[in-house]
Amino acid sequence: MEKKRTAAPAGRLARWIAAAAIGLMALVVGAPSALAQGSESVEGQTYVIGTDTTFAPFEFRQNGELTGIDMDLLRAIAEDQGFEVEIRSLGFNAALAALSSNQVDGVIAGMSITDERKEIYDFSEPYFESGVQMAVAANNDEITSYEDLKGKTVVAKTGAEGETYAKSIAKEYGFQVKSLDQSATMYESVKAGSAVAVFDDYPVLAYGIAQGNGLKTVTDKVPGGSYGFAVNKGENTALLAAFNDGLAELKASGEYQQILDSYLADPTAAQPSNFFDLLVKSMPALMTGLWHTLLVTAISFAIAMALGLIFGFMKISGNIVLRGIATTFVNIFRGTPLLLWAFMFYFGLPQLTGWEISVWTAGVLTLSLNAGAYVAEIVRGGIQSVDPGQLEASRSLGLGYGKSMQKVVIPQAFKMMTPSLINQLIISLKDSSLLLAIGFTELLYQGQQIYAANFRVTETLLIVGIIYFIAIMALTKLANYADRRFNK
């Protein structure tokens, strides 16, 4: 659970991607950031706070609402100190990248206070003292201590304290450490037998076991680090001071302990009891995710079609400059990973320009530019596949080049392009799932929120997969009907 991510590879990658955008992006999109920048008084101010997406019991969604120890503490402190918070559920590494690019004012996400991080961020007083435990499958009676791990594989969360501790003793006890991004997927790995044990923060393990995740702890807690609220170094000093004052007030009043006890003292499993119950309770959130998936796909593909037509015609132009521009566009966006551009637009662009960009804008830009590059090649290929004699024949009948293209070449090319365009539309819909990395609330993101709270990964992903299948099949049928209708 602990995002005690010390110089984790995934964290460094997210920060590298954000930094890379500064050198690669040179356009301005969005509106000026309205983030508060450390005014003398926090009263009446609204602060944007980044957090993780799936880190029960510290942050997770229940009945569609973001809840957990971190969320309850933050809201209680904000109320006590007279300021408002806008919470953005981004993911741990994405939240840190957003903080670095000043898209959020602070981060609270089970984040361990380390000397390395103190060089970049200012931390509050610790609000939780953590530790690491090892757990195995509930039916596993062979692994009872570290000595039993020799020659075997364990899992731990990328960049978390559990990973650090597991790697520190791996050579001594002769086991291998495999790093994963989420607690729920780590637990599934242990239950499936691809790993024999998991190292994780003890509160996360305790909460998950109480929720019926199918594991049991077999070692005592190893004392770990402290969690703190973070802001950029030298910035938002008033917010940091208010957090410390509010935390002290909560501890003095007893509310702090009440919040902890509500999640850790008796985290009873008030989760769906069967598959049908899970389906019913999950459907509202999943339908919201499906709507966002379909909407961002539709908007992005409409833009991609316009871009594809423009750059597709430019690629077959007789003008070498136009061909060069189109070729550069296609090579850049077809030759680089889609996820890279999602990070660049959402985190790199604000660092470069100082202007905030919404997750929707970043998502649309990412999908439309990526799909636009492929559509451009589809358009170019479709036009060039028409027999050149068709154009020559129409010209010999007295039609100009433009009319010949409009009346003779394009209609034939479009018929040949349609299957490829339908395929690209489906690919764009599936690619939208990658936007969960920047906190876009599409279908798979919603699924992650659900299984992060109930730890029923397989059943939840089965439901998500069925919804994707139905949506894609329906979209394919609709596209094929339109193809038959307009390409008779």
# chains A, B, ... in the order shown; residues from 1 in each chain; ligands from 1
>>> closest_atom_pairs(of="range 107-137 of chain A", to="range 88-100 of chain A", cutoff="9 Å", atoms="only C-alpha atoms", output="JSON lines")
{"residue": "A:Val107", "atom": "CA", "partner": "A:Ala95", "partner_atom": "CA", "distance": 6.6}
{"residue": "A:Ile108", "atom": "CA", "partner": "A:Ala95", "partner_atom": "CA", "distance": 8.9}
{"residue": "A:Ala109", "atom": "CA", "partner": "A:Phe92", "partner_atom": "CA", "distance": 6.6}
{"residue": "A:Gly110", "atom": "CA", "partner": "A:Phe92", "partner_atom": "CA", "distance": 8.9}
{"residue": "A:Met111", "atom": "CA", "partner": "A:Phe92", "partner_atom": "CA", "distance": 8.4}
{"residue": "A:Ile120", "atom": "CA", "partner": "A:Ser100", "partner_atom": "CA", "distance": 8.9}
>>> write_last_selection(atoms="all heavy atoms", output="short mmCIF file (atom, residue, chain, number, x, y, z; two decimals), in the first residue's frame")
data_model
loop_
_atom_site.label_atom_id
_atom_site.label_comp_id
_atom_site.auth_asym_id
_atom_site.auth_seq_id
_atom_site.Cartn_x
_atom_site.Cartn_y
_atom_site.Cartn_z
N VAL A 107 0.07 16.17 -2.62
CA VAL A 107 -0.21 14.75 -2.83
C VAL A 107 -0.35 14.07 -1.48
O VAL A 107 0.51 14.25 -0.60
CB VAL A 107 0.90 14.05 -3.65
CG1 VAL A 107 0.73 12.53 -3.61
CG2 VAL A 107 0.87 14.53 -5.09
N ILE A 108 -1.42 13.30 -1.32
CA ILE A 108 -1.58 12.42 -0.16
C ILE A 108 -1.95 11.06 -0.72
O ILE A 108 -3.01 10.88 -1.31
CB ILE A 108 -2.61 12.95 0.84
CG1 ILE A 108 -2.67 12.04 2.07
CG2 ILE A 108 -3.98 13.15 0.19
CD1 ILE A 108 -3.45 12.63 3.23
N ALA A 109 -1.06 10.07 -0.57
CA ALA A 109 -1.28 8.78 -1.21
C ALA A 109 -0.46 7.69 -0.53
O ALA A 109 0.21 6.91 -1.19
CB ALA A 109 -0.92 8.87 -2.70
N GLY A 110 -0.51 7.64 0.79
CA GLY A 110 0.30 6.64 1.48
C GLY A 110 1.76 6.78 1.12
O GLY A 110 2.47 5.79 0.94
N MET A 111 2.24 8.01 1.03
CA MET A 111 3.58 8.30 0.51
C MET A 111 4.59 8.34 1.65
O MET A 111 4.47 9.12 2.59
CB MET A 111 3.55 9.64 -0.21
CG MET A 111 4.85 10.04 -0.88
SD MET A 111 4.62 11.61 -1.75
CE MET A 111 6.24 11.87 -2.43
N ILE A 120 13.09 16.90 -3.04
CA ILE A 120 12.18 17.39 -4.07
C ILE A 120 10.92 17.99 -3.46
O ILE A 120 10.38 18.98 -3.96
CB ILE A 120 11.79 16.25 -5.02
CG1 ILE A 120 13.04 15.59 -5.61
CG2 ILE A 120 10.88 16.76 -6.15
CD1 ILE A 120 12.74 14.33 -6.41
#
>>> select_by_dssp(residues="range 84-148 of chain A", states="strand (DSSP E)", output="list in words")
Glu84, Val85, Glu86, Ile87, Arg88, Ser89, Gly106, Val107, Tyr121, Asp122, Phe123, Phe128, Glu129, Ser130, Gly131, Val132, Gln133, Met134, Ala135, Val136 and Ala137 of chain A
>>> residues_around(residues="Ile169 in chain A", least_positions_apart="5", cutoff="12 Å", atoms="only C-alpha atoms", output="list in words")
Tyr146, Glu147, Leu149, Lys150, Val154, Gly162, Glu163, Thr164, Gly174, Phe175, Gln176, Val177 and Phe199 of chain A
>>> write_last_selection(atoms="all heavy atoms", output="CSV table (one decimal), in the first residue's frame")
chain,number,residue,atom,x,y,z
A,146,TYR,N,10.6,-16.7,6.2
A,146,TYR,CA,11.4,-16.3,5.1
A,146,TYR,C,12.3,-17.5,4.7
A,146,TYR,O,12.6,-17.6,3.5
A,146,TYR,CB,12.3,-15.1,5.5
A,146,TYR,CG,11.6,-13.9,6.0
A,146,TYR,CD1,12.0,-13.2,7.1
A,146,TYR,CD2,10.5,-13.5,5.3
A,146,TYR,CE1,11.3,-12.0,7.5
A,146,TYR,CE2,9.8,-12.3,5.7
A,146,TYR,CZ,10.2,-11.6,6.8
A,146,TYR,OH,9.5,-10.5,7.2
A,147,GLU,N,12.7,-18.4,5.6
A,147,GLU,CA,13.6,-19.5,5.2
A,147,GLU,C,12.9,-20.4,4.2
A,147,GLU,O,13.6,-21.1,3.4
A,147,GLU,CB,13.9,-20.3,6.4
A,147,GLU,CG,14.9,-19.6,7.3
A,147,GLU,CD,14.3,-18.6,8.3
A,147,GLU,OE1,13.1,-18.4,8.2
A,147,GLU,OE2,15.1,-17.9,9.0
A,149,LEU,N,11.3,-19.6,1.6
A,149,LEU,CA,11.2,-18.9,0.3
A,149,LEU,C,12.3,-19.3,-0.7
A,149,LEU,O,12.3,-18.8,-1.8
A,149,LEU,CB,11.2,-17.4,0.5
A,149,LEU,CG,10.0,-16.8,1.2
A,149,LEU,CD1,10.2,-15.3,1.4
A,149,LEU,CD2,8.7,-17.1,0.5
A,150,LYS,N,13.3,-20.0,-0.2
A,150,LYS,CA,14.5,-20.3,-1.1
A,150,LYS,C,14.1,-20.9,-2.4
A,150,LYS,O,13.4,-21.9,-2.5
A,150,LYS,CB,15.4,-21.3,-0.3
A,150,LYS,CG,16.8,-21.5,-1.1
A,150,LYS,CD,17.7,-22.3,-0.2
A,150,LYS,CE,19.1,-22.4,-1.0
A,150,LYS,NZ,20.1,-23.2,-0.2
A,154,VAL,N,8.5,-14.2,-5.1
A,154,VAL,CA,7.5,-13.4,-4.3
A,154,VAL,C,7.2,-12.2,-5.1
A,154,VAL,O,7.9,-11.8,-6.0
A,154,VAL,CB,8.1,-13.0,-2.9
A,154,VAL,CG1,8.5,-14.3,-2.2
A,154,VAL,CG2,9.2,-12.0,-3.0
A,162,GLY,N,7.4,-2.4,0.8
A,162,GLY,CA,7.4,-3.9,0.7
A,162,GLY,C,8.4,-4.4,-0.3
A,162,GLY,O,9.2,-5.3,-0.1
A,163,GLU,N,8.5,-3.7,-1.4
A,163,GLU,CA,9.5,-4.0,-2.5
A,163,GLU,C,10.9,-3.8,-1.9
A,163,GLU,O,11.8,-4.7,-2.1
A,163,GLU,CB,9.3,-3.2,-3.7
A,163,GLU,CG,10.2,-3.6,-4.8
A,163,GLU,CD,10.2,-2.6,-6.0
A,163,GLU,OE1,10.2,-1.3,-5.7
A,163,GLU,OE2,10.1,-3.0,-7.1
A,164,THR,N,11.1,-2.7,-1.3
A,164,THR,CA,12.4,-2.4,-0.8
A,164,THR,C,12.9,-3.4,0.2
A,164,THR,O,14.0,-3.9,0.2
A,164,THR,CB,12.4,-1.0,-0.1
A,164,THR,OG1,12.0,0.0,-1.1
A,164,THR,CG2,13.8,-0.6,0.4
A,174,GLY,N,17.5,-16.3,-0.6
A,174,GLY,CA,17.5,-17.0,-1.9
A,174,GLY,C,16.2,-17.0,-2.7
A,174,GLY,O,15.9,-18.0,-3.3
A,175,PHE,N,15.5,-15.9,-2.7
A,175,PHE,CA,14.3,-15.9,-3.5
A,175,PHE,C,14.3,-14.7,-4.5
A,175,PHE,O,15.2,-13.8,-4.4
A,175,PHE,CB,13.0,-15.8,-2.6
A,175,PHE,CG,13.0,-14.5,-1.7
A,175,PHE,CD1,12.5,-13.3,-2.2
A,175,PHE,CD2,13.4,-14.6,-0.4
A,175,PHE,CE1,12.4,-12.2,-1.4
A,175,PHE,CE2,13.4,-13.4,0.4
A,175,PHE,CZ,12.9,-12.3,-0.1
A,176,GLN,N,13.4,-14.8,-5.4
A,176,GLN,CA,13.3,-13.7,-6.4
A,176,GLN,C,12.1,-12.8,-6.1
A,176,GLN,O,11.1,-13.3,-5.6
A,176,GLN,CB,13.1,-14.4,-7.8
A,176,GLN,CG,14.2,-15.3,-8.3
A,176,GLN,CD,15.5,-14.5,-8.5
A,176,GLN,OE1,15.5,-13.4,-9.1
A,176,GLN,NE2,16.6,-15.1,-8.2
A,177,VAL,N,12.3,-11.5,-6.5
A,177,VAL,CA,11.2,-10.5,-6.3
A,177,VAL,C,10.7,-10.1,-7.6
A,177,VAL,O,11.4,-9.6,-8.5
A,177,VAL,CB,11.7,-9.3,-5.5
A,177,VAL,CG1,10.6,-8.3,-5.2
A,177,VAL,CG2,12.3,-9.8,-4.1
A,199,PHE,N,4.9,-9.3,-0.3
A,199,PHE,CA,5.3,-8.4,0.8
A,199,PHE,C,4.5,-7.1,0.6
A,199,PHE,O,4.6,-6.5,-0.5
A,199,PHE,CB,6.8,-8.1,0.6
A,199,PHE,CG,7.7,-9.2,1.1
A,199,PHE,CD1,7.8,-10.4,0.4
A,199,PHE,CD2,8.4,-9.1,2.3
A,199,PHE,CE1,8.7,-11.4,0.8
A,199,PHE,CE2,9.2,-10.2,2.8
A,199,PHE,CZ,9.3,-11.3,2.0
>>> residues_around(residues="range 479-487 of chain A", least_positions_apart="5", cutoff="7 Å", atoms="only C-alpha atoms", output="PyMOL selection string")
chain A and resi 415+418+422
>>> write_last_selection(atoms="C-alpha atoms", output="JSON list (two decimals), in the first residue's frame")
[["chain", "number", "residue", "atom", "x", "y", "z"],
["A", 415, "LYS", "CA", -15.05, 1.77, -50.43],
["A", 418, "THR", "CA", -13.96, 1.48, -45.05],
["A", 422, "ILE", "CA", -13.80, 0.46, -39.00]]
>>> closest_residue(among="A:Ala285, A:Leu352, A:Ala342, A:Ala56", to="Asn370 in chain A", atoms="only C-alpha atoms")
A:Ala342
>>> select_by_dssp(residues="range 91-133 of chain A", states="helix (DSSP H, G or I)", output="count of residues only")
13
>>> closest_residue(among="A:Phe58, A:Phe455, A:Tyr468, A:Trp360", to="Ile259 in chain A", atoms="only C-alpha atoms")
A:Phe58
>>> residues_around(residues="Ala184 in chain A", least_positions_apart="6", cutoff="9 Å", atoms="only C-alpha atoms", output="PyMOL selection string")
chain A and resi 54-55+208+213+448+451-457
>>> residues_around(residues="range 371-373 of chain A", least_positions_apart="3", cutoff="10 Å", atoms="only C-alpha atoms", output="short mmCIF file (atom, residue, chain, number, x, y, z; two decimals) with all heavy atoms, in the first residue's frame")
data_model
loop_
_atom_site.label_atom_id
_atom_site.label_comp_id
_atom_site.auth_asym_id
_atom_site.auth_seq_id
_atom_site.Cartn_x
_atom_site.Cartn_y
_atom_site.Cartn_z
N SER A 300 -12.52 11.67 -30.39
CA SER A 300 -11.16 11.49 -30.90
C SER A 300 -11.16 10.99 -32.33
O SER A 300 -10.35 11.44 -33.15
CB SER A 300 -10.39 10.51 -30.00
OG SER A 300 -10.32 10.98 -28.68
N PHE A 301 -12.07 10.06 -32.64
CA PHE A 301 -12.06 9.49 -33.99
C PHE A 301 -12.56 10.49 -35.02
O PHE A 301 -12.09 10.51 -36.16
CB PHE A 301 -12.90 8.21 -34.06
CG PHE A 301 -12.63 7.39 -35.27
CD1 PHE A 301 -11.43 6.68 -35.38
CD2 PHE A 301 -13.52 7.33 -36.32
CE1 PHE A 301 -11.15 5.92 -36.50
CE2 PHE A 301 -13.25 6.57 -37.45
CZ PHE A 301 -12.06 5.87 -37.54
N ALA A 302 -13.49 11.35 -34.62
CA ALA A 302 -13.95 12.41 -35.54
C ALA A 302 -12.79 13.34 -35.89
O ALA A 302 -12.59 13.70 -37.06
CB ALA A 302 -15.09 13.19 -34.91
N ILE A 303 -12.01 13.72 -34.88
CA ILE A 303 -10.84 14.56 -35.12
C ILE A 303 -9.79 13.80 -35.94
O ILE A 303 -9.16 14.35 -36.85
CB ILE A 303 -10.24 15.04 -33.80
CG1 ILE A 303 -11.26 15.91 -33.04
CG2 ILE A 303 -8.95 15.82 -34.02
CD1 ILE A 303 -10.83 16.30 -31.64
N ALA A 304 -9.62 12.51 -35.62
CA ALA A 304 -8.64 11.69 -36.34
C ALA A 304 -9.00 11.58 -37.82
O ALA A 304 -8.12 11.59 -38.68
CB ALA A 304 -8.55 10.30 -35.71
N MET A 305 -10.28 11.48 -38.13
CA MET A 305 -10.70 11.40 -39.53
C MET A 305 -10.34 12.68 -40.27
O MET A 305 -9.84 12.64 -41.41
CB MET A 305 -12.21 11.16 -39.60
CG MET A 305 -12.62 9.73 -39.33
SD MET A 305 -12.01 8.56 -40.57
CE MET A 305 -12.88 9.14 -42.03
N ALA A 306 -10.58 13.83 -39.62
CA ALA A 306 -10.24 15.10 -40.26
C ALA A 306 -8.73 15.20 -40.48
O ALA A 306 -8.25 15.57 -41.56
CB ALA A 306 -10.73 16.26 -39.40
N LEU A 307 -7.96 14.85 -39.45
CA LEU A 307 -6.50 14.89 -39.57
C LEU A 307 -6.02 13.89 -40.62
O LEU A 307 -5.11 14.19 -41.41
CB LEU A 307 -5.85 14.57 -38.22
CG LEU A 307 -6.03 15.61 -37.11
CD1 LEU A 307 -5.47 15.07 -35.80
CD2 LEU A 307 -5.33 16.91 -37.48
N GLY A 308 -6.61 12.71 -40.62
CA GLY A 308 -6.20 11.68 -41.56
C GLY A 308 -6.44 12.08 -43.00
O GLY A 308 -5.60 11.82 -43.88
N LEU A 309 -7.58 12.70 -43.26
CA LEU A 309 -7.87 13.16 -44.62
C LEU A 309 -6.88 14.23 -45.06
O LEU A 309 -6.36 14.20 -46.18
CB LEU A 309 -9.30 13.69 -44.70
CG LEU A 309 -10.41 12.64 -44.63
CD1 LEU A 309 -11.78 13.31 -44.49
CD2 LEU A 309 -10.38 11.74 -45.88
N ILE A 310 -6.62 15.18 -44.16
CA ILE A 310 -5.69 16.27 -44.49
C ILE A 310 -4.30 15.73 -44.78
O ILE A 310 -3.70 15.99 -45.84
CB ILE A 310 -5.64 17.30 -43.36
CG1 ILE A 310 -6.99 18.03 -43.24
CG2 ILE A 310 -4.52 18.31 -43.59
CD1 ILE A 310 -7.12 18.89 -42.01
N PHE A 311 -3.76 14.95 -43.84
CA PHE A 311 -2.39 14.47 -44.00
C PHE A 311 -2.31 13.36 -45.04
O PHE A 311 -1.26 13.17 -45.67
CB PHE A 311 -1.84 14.00 -42.65
CG PHE A 311 -1.49 15.13 -41.73
CD1 PHE A 311 -2.30 15.43 -40.64
CD2 PHE A 311 -0.37 15.91 -41.95
CE1 PHE A 311 -2.00 16.47 -39.79
CE2 PHE A 311 -0.05 16.96 -41.11
CZ PHE A 311 -0.87 17.25 -40.03
N GLY A 312 -3.39 12.61 -45.23
CA GLY A 312 -3.40 11.59 -46.27
C GLY A 312 -3.26 12.20 -47.66
O GLY A 312 -2.48 11.72 -48.49
N ALA A 326 3.55 15.84 -43.82
CA ALA A 326 2.67 14.70 -43.56
C ALA A 326 3.46 13.48 -43.10
O ALA A 326 3.06 12.77 -42.16
CB ALA A 326 1.85 14.37 -44.80
N THR A 327 4.57 13.22 -43.74
CA THR A 327 5.40 12.07 -43.37
C THR A 327 5.93 12.21 -41.96
O THR A 327 5.97 11.25 -41.18
CB THR A 327 6.57 11.92 -44.36
OG1 THR A 327 6.04 11.71 -45.68
CG2 THR A 327 7.45 10.74 -43.98
N THR A 328 6.34 13.42 -41.59
CA THR A 328 6.84 13.68 -40.23
C THR A 328 5.75 13.43 -39.21
O THR A 328 5.98 12.80 -38.17
CB THR A 328 7.36 15.12 -40.11
OG1 THR A 328 8.41 15.32 -41.06
CG2 THR A 328 7.88 15.39 -38.70
N PHE A 329 4.55 13.94 -39.50
CA PHE A 329 3.42 13.75 -38.58
C PHE A 329 3.14 12.26 -38.38
O PHE A 329 3.01 11.78 -37.24
CB PHE A 329 2.18 14.44 -39.16
CG PHE A 329 0.90 14.08 -38.44
CD1 PHE A 329 0.56 14.70 -37.25
CD2 PHE A 329 0.03 13.12 -38.96
CE1 PHE A 329 -0.62 14.37 -36.59
CE2 PHE A 329 -1.14 12.79 -38.30
CZ PHE A 329 -1.46 13.42 -37.11
N VAL A 330 3.06 11.53 -39.47
CA VAL A 330 2.77 10.09 -39.38
C VAL A 330 3.87 9.35 -38.64
O VAL A 330 3.60 8.52 -37.76
CB VAL A 330 2.56 9.50 -40.79
CG1 VAL A 330 2.49 7.97 -40.72
CG2 VAL A 330 1.30 10.06 -41.43
N ASN A 331 5.11 9.65 -38.95
CA ASN A 331 6.23 8.94 -38.32
C ASN A 331 6.29 9.19 -36.82
O ASN A 331 6.60 8.28 -36.04
CB ASN A 331 7.55 9.35 -38.97
CG ASN A 331 7.72 8.79 -40.37
OD1 ASN A 331 7.02 7.84 -40.75
ND2 ASN A 331 8.63 9.36 -41.14
N ILE A 332 6.00 10.42 -36.41
CA ILE A 332 6.07 10.76 -34.98
C ILE A 332 4.98 10.04 -34.20
O ILE A 332 5.24 9.36 -33.20
CB ILE A 332 5.97 12.28 -34.77
CG1 ILE A 332 7.26 12.96 -35.25
CG2 ILE A 332 5.72 12.61 -33.30
CD1 ILE A 332 7.21 14.48 -35.17
N PHE A 333 3.73 10.19 -34.64
CA PHE A 333 2.63 9.67 -33.83
C PHE A 333 2.36 8.19 -34.07
O PHE A 333 1.72 7.55 -33.23
CB PHE A 333 1.37 10.50 -34.09
CG PHE A 333 1.45 11.87 -33.50
CD1 PHE A 333 1.74 12.98 -34.30
CD2 PHE A 333 1.29 12.07 -32.15
CE1 PHE A 333 1.84 14.24 -33.76
CE2 PHE A 333 1.39 13.33 -31.59
CZ PHE A 333 1.67 14.43 -32.39
N ARG A 334 2.82 7.64 -35.18
CA ARG A 334 2.69 6.20 -35.39
C ARG A 334 3.90 5.46 -34.84
O ARG A 334 3.83 4.27 -34.53
CB ARG A 334 2.53 5.90 -36.88
CG ARG A 334 2.04 4.48 -37.15
CD ARG A 334 1.83 4.23 -38.63
NE ARG A 334 3.06 4.36 -39.40
CZ ARG A 334 3.18 4.00 -40.67
NH1 ARG A 334 2.13 3.50 -41.31
NH2 ARG A 334 4.33 4.16 -41.31
N GLY A 335 5.01 6.17 -34.69
CA GLY A 335 6.25 5.52 -34.28
C GLY A 335 6.58 5.66 -32.81
O GLY A 335 7.66 5.26 -32.38
N LEU A 338 1.50 5.27 -27.55
CA LEU A 338 0.36 6.13 -27.21
C LEU A 338 0.45 6.62 -25.77
O LEU A 338 0.15 7.77 -25.47
CB LEU A 338 -0.93 5.35 -27.46
CG LEU A 338 -2.26 6.08 -27.26
CD1 LEU A 338 -3.29 5.59 -28.27
CD2 LEU A 338 -2.80 5.87 -25.86
N LEU A 365 -6.53 14.54 -27.29
CA LEU A 365 -5.33 14.80 -28.07
C LEU A 365 -4.53 13.52 -28.32
O LEU A 365 -4.08 13.26 -29.44
CB LEU A 365 -4.45 15.83 -27.36
CG LEU A 365 -4.88 17.29 -27.45
CD1 LEU A 365 -4.01 18.15 -26.53
CD2 LEU A 365 -4.78 17.80 -28.88
N THR A 366 -4.38 12.73 -27.27
CA THR A 366 -3.60 11.50 -27.39
C THR A 366 -4.21 10.55 -28.40
O THR A 366 -3.54 10.06 -29.32
CB THR A 366 -3.50 10.81 -26.02
OG1 THR A 366 -2.85 11.69 -25.09
CG2 THR A 366 -2.70 9.52 -26.12
N LEU A 367 -5.50 10.27 -28.24
CA LEU A 367 -6.16 9.30 -29.12
C LEU A 367 -6.30 9.82 -30.55
O LEU A 367 -6.09 9.07 -31.51
CB LEU A 367 -7.54 8.94 -28.56
CG LEU A 367 -7.57 8.15 -27.25
CD1 LEU A 367 -9.01 7.92 -26.80
CD2 LEU A 367 -6.84 6.83 -27.38
N SER A 368 -6.66 11.10 -30.70
CA SER A 368 -6.92 11.63 -32.03
C SER A 368 -5.63 11.74 -32.86
O SER A 368 -5.63 11.42 -34.06
CB SER A 368 -7.61 12.99 -31.95
OG SER A 368 -6.84 13.92 -31.24
N ALA A 376 -4.31 8.58 -41.78
CA ALA A 376 -3.61 9.21 -42.90
C ALA A 376 -3.02 8.15 -43.83
O ALA A 376 -3.10 8.27 -45.06
CB ALA A 376 -2.51 10.13 -42.39
N GLU A 377 -2.45 7.11 -43.25
CA GLU A 377 -1.89 6.03 -44.06
C GLU A 377 -2.99 5.23 -44.75
O GLU A 377 -2.82 4.76 -45.88
CB GLU A 377 -1.02 5.12 -43.20
CG GLU A 377 0.33 5.71 -42.85
CD GLU A 377 1.18 5.92 -44.10
OE1 GLU A 377 1.77 4.95 -44.60
OE2 GLU A 377 1.24 7.06 -44.58
N ILE A 378 -4.12 5.07 -44.07
CA ILE A 378 -5.25 4.37 -44.69
C ILE A 378 -5.76 5.16 -45.89
O ILE A 378 -6.04 4.59 -46.96
CB ILE A 378 -6.38 4.16 -43.66
CG1 ILE A 378 -5.93 3.19 -42.57
CG2 ILE A 378 -7.65 3.65 -44.34
CD1 ILE A 378 -6.90 3.07 -41.41
N LEU A 421 -10.89 1.56 -41.81
CA LEU A 421 -11.34 2.64 -40.92
C LEU A 421 -12.17 2.09 -39.77
O LEU A 421 -12.05 2.55 -38.62
CB LEU A 421 -12.15 3.67 -41.71
CG LEU A 421 -11.37 4.51 -42.72
CD1 LEU A 421 -12.31 5.39 -43.53
CD2 LEU A 421 -10.31 5.36 -42.02
N GLN A 424 -9.78 0.65 -37.35
CA GLN A 424 -9.10 1.68 -36.58
C GLN A 424 -9.99 2.26 -35.50
O GLN A 424 -9.53 2.61 -34.41
CB GLN A 424 -8.62 2.79 -37.51
CG GLN A 424 -7.79 3.86 -36.83
CD GLN A 424 -6.56 3.29 -36.14
OE1 GLN A 424 -5.83 2.49 -36.71
NE2 GLN A 424 -6.33 3.70 -34.90
N LEU A 425 -11.29 2.36 -35.80
CA LEU A 425 -12.25 2.84 -34.78
C LEU A 425 -12.27 1.90 -33.59
O LEU A 425 -12.26 2.34 -32.43
CB LEU A 425 -13.63 2.95 -35.40
CG LEU A 425 -14.79 3.29 -34.44
CD1 LEU A 425 -14.56 4.64 -33.77
CD2 LEU A 425 -16.13 3.27 -35.20
N ILE A 427 -9.88 -0.14 -32.69
CA ILE A 427 -8.58 -0.03 -32.00
C ILE A 427 -8.56 1.21 -31.10
O ILE A 427 -8.07 1.16 -29.97
CB ILE A 427 -7.44 0.04 -33.03
CG1 ILE A 427 -7.28 -1.31 -33.73
CG2 ILE A 427 -6.12 0.45 -32.37
CD1 ILE A 427 -6.29 -1.30 -34.87
N SER A 428 -9.13 2.30 -31.57
CA SER A 428 -9.16 3.53 -30.76
C SER A 428 -9.99 3.32 -29.50
O SER A 428 -9.63 3.82 -28.42
CB SER A 428 -9.74 4.68 -31.58
OG SER A 428 -8.87 5.04 -32.63
N ASP A 431 -7.83 1.32 -27.23
CA ASP A 431 -6.68 2.12 -26.77
C ASP A 431 -7.07 3.12 -25.69
O ASP A 431 -6.21 3.55 -24.92
CB ASP A 431 -6.07 2.88 -27.95
CG ASP A 431 -5.18 2.00 -28.82
OD1 ASP A 431 -4.88 0.86 -28.39
OD2 ASP A 431 -4.80 2.44 -29.92
#
>>> closest_residue(among="A:Thr219, A:Thr441, A:Gln45, A:Ser179", to="Gly82 in chain A", atoms="only C-alpha atoms")
A:Gln45
>>> atom_distance(atom1="CA of Ala471 in chain A", atom2="CA of Gly447 in chain A")
15.5 Å
>>> residues_around(residues="Leu443 in chain A", least_positions_apart="4", cutoff="6 Å", atoms="only C-alpha atoms", output="list in words")
Leu286, Gly289 and Leu290 of chain A
>>> write_last_selection(atoms="C-alpha atoms", output="PDB file, in the first residue's frame")
ATOM      1  CA  LEU A 286     -19.060   0.621 -14.996  1.00  0.00           C
ATOM      2  CA  GLY A 289     -16.888   4.316 -17.414  1.00  0.00           C
ATOM      3  CA  LEU A 290     -18.429   2.897 -20.595  1.00  0.00           C
TER       4      LEU A 290
END
>>> atom_distance(atom1="CA of Gln182 in chain A", atom2="CA of Leu247 in chain A")
27.9 Å
>>> atom_distance(atom1="CA of Leu461 in chain A", atom2="CA of Pro57 in chain A")
20.7 Å
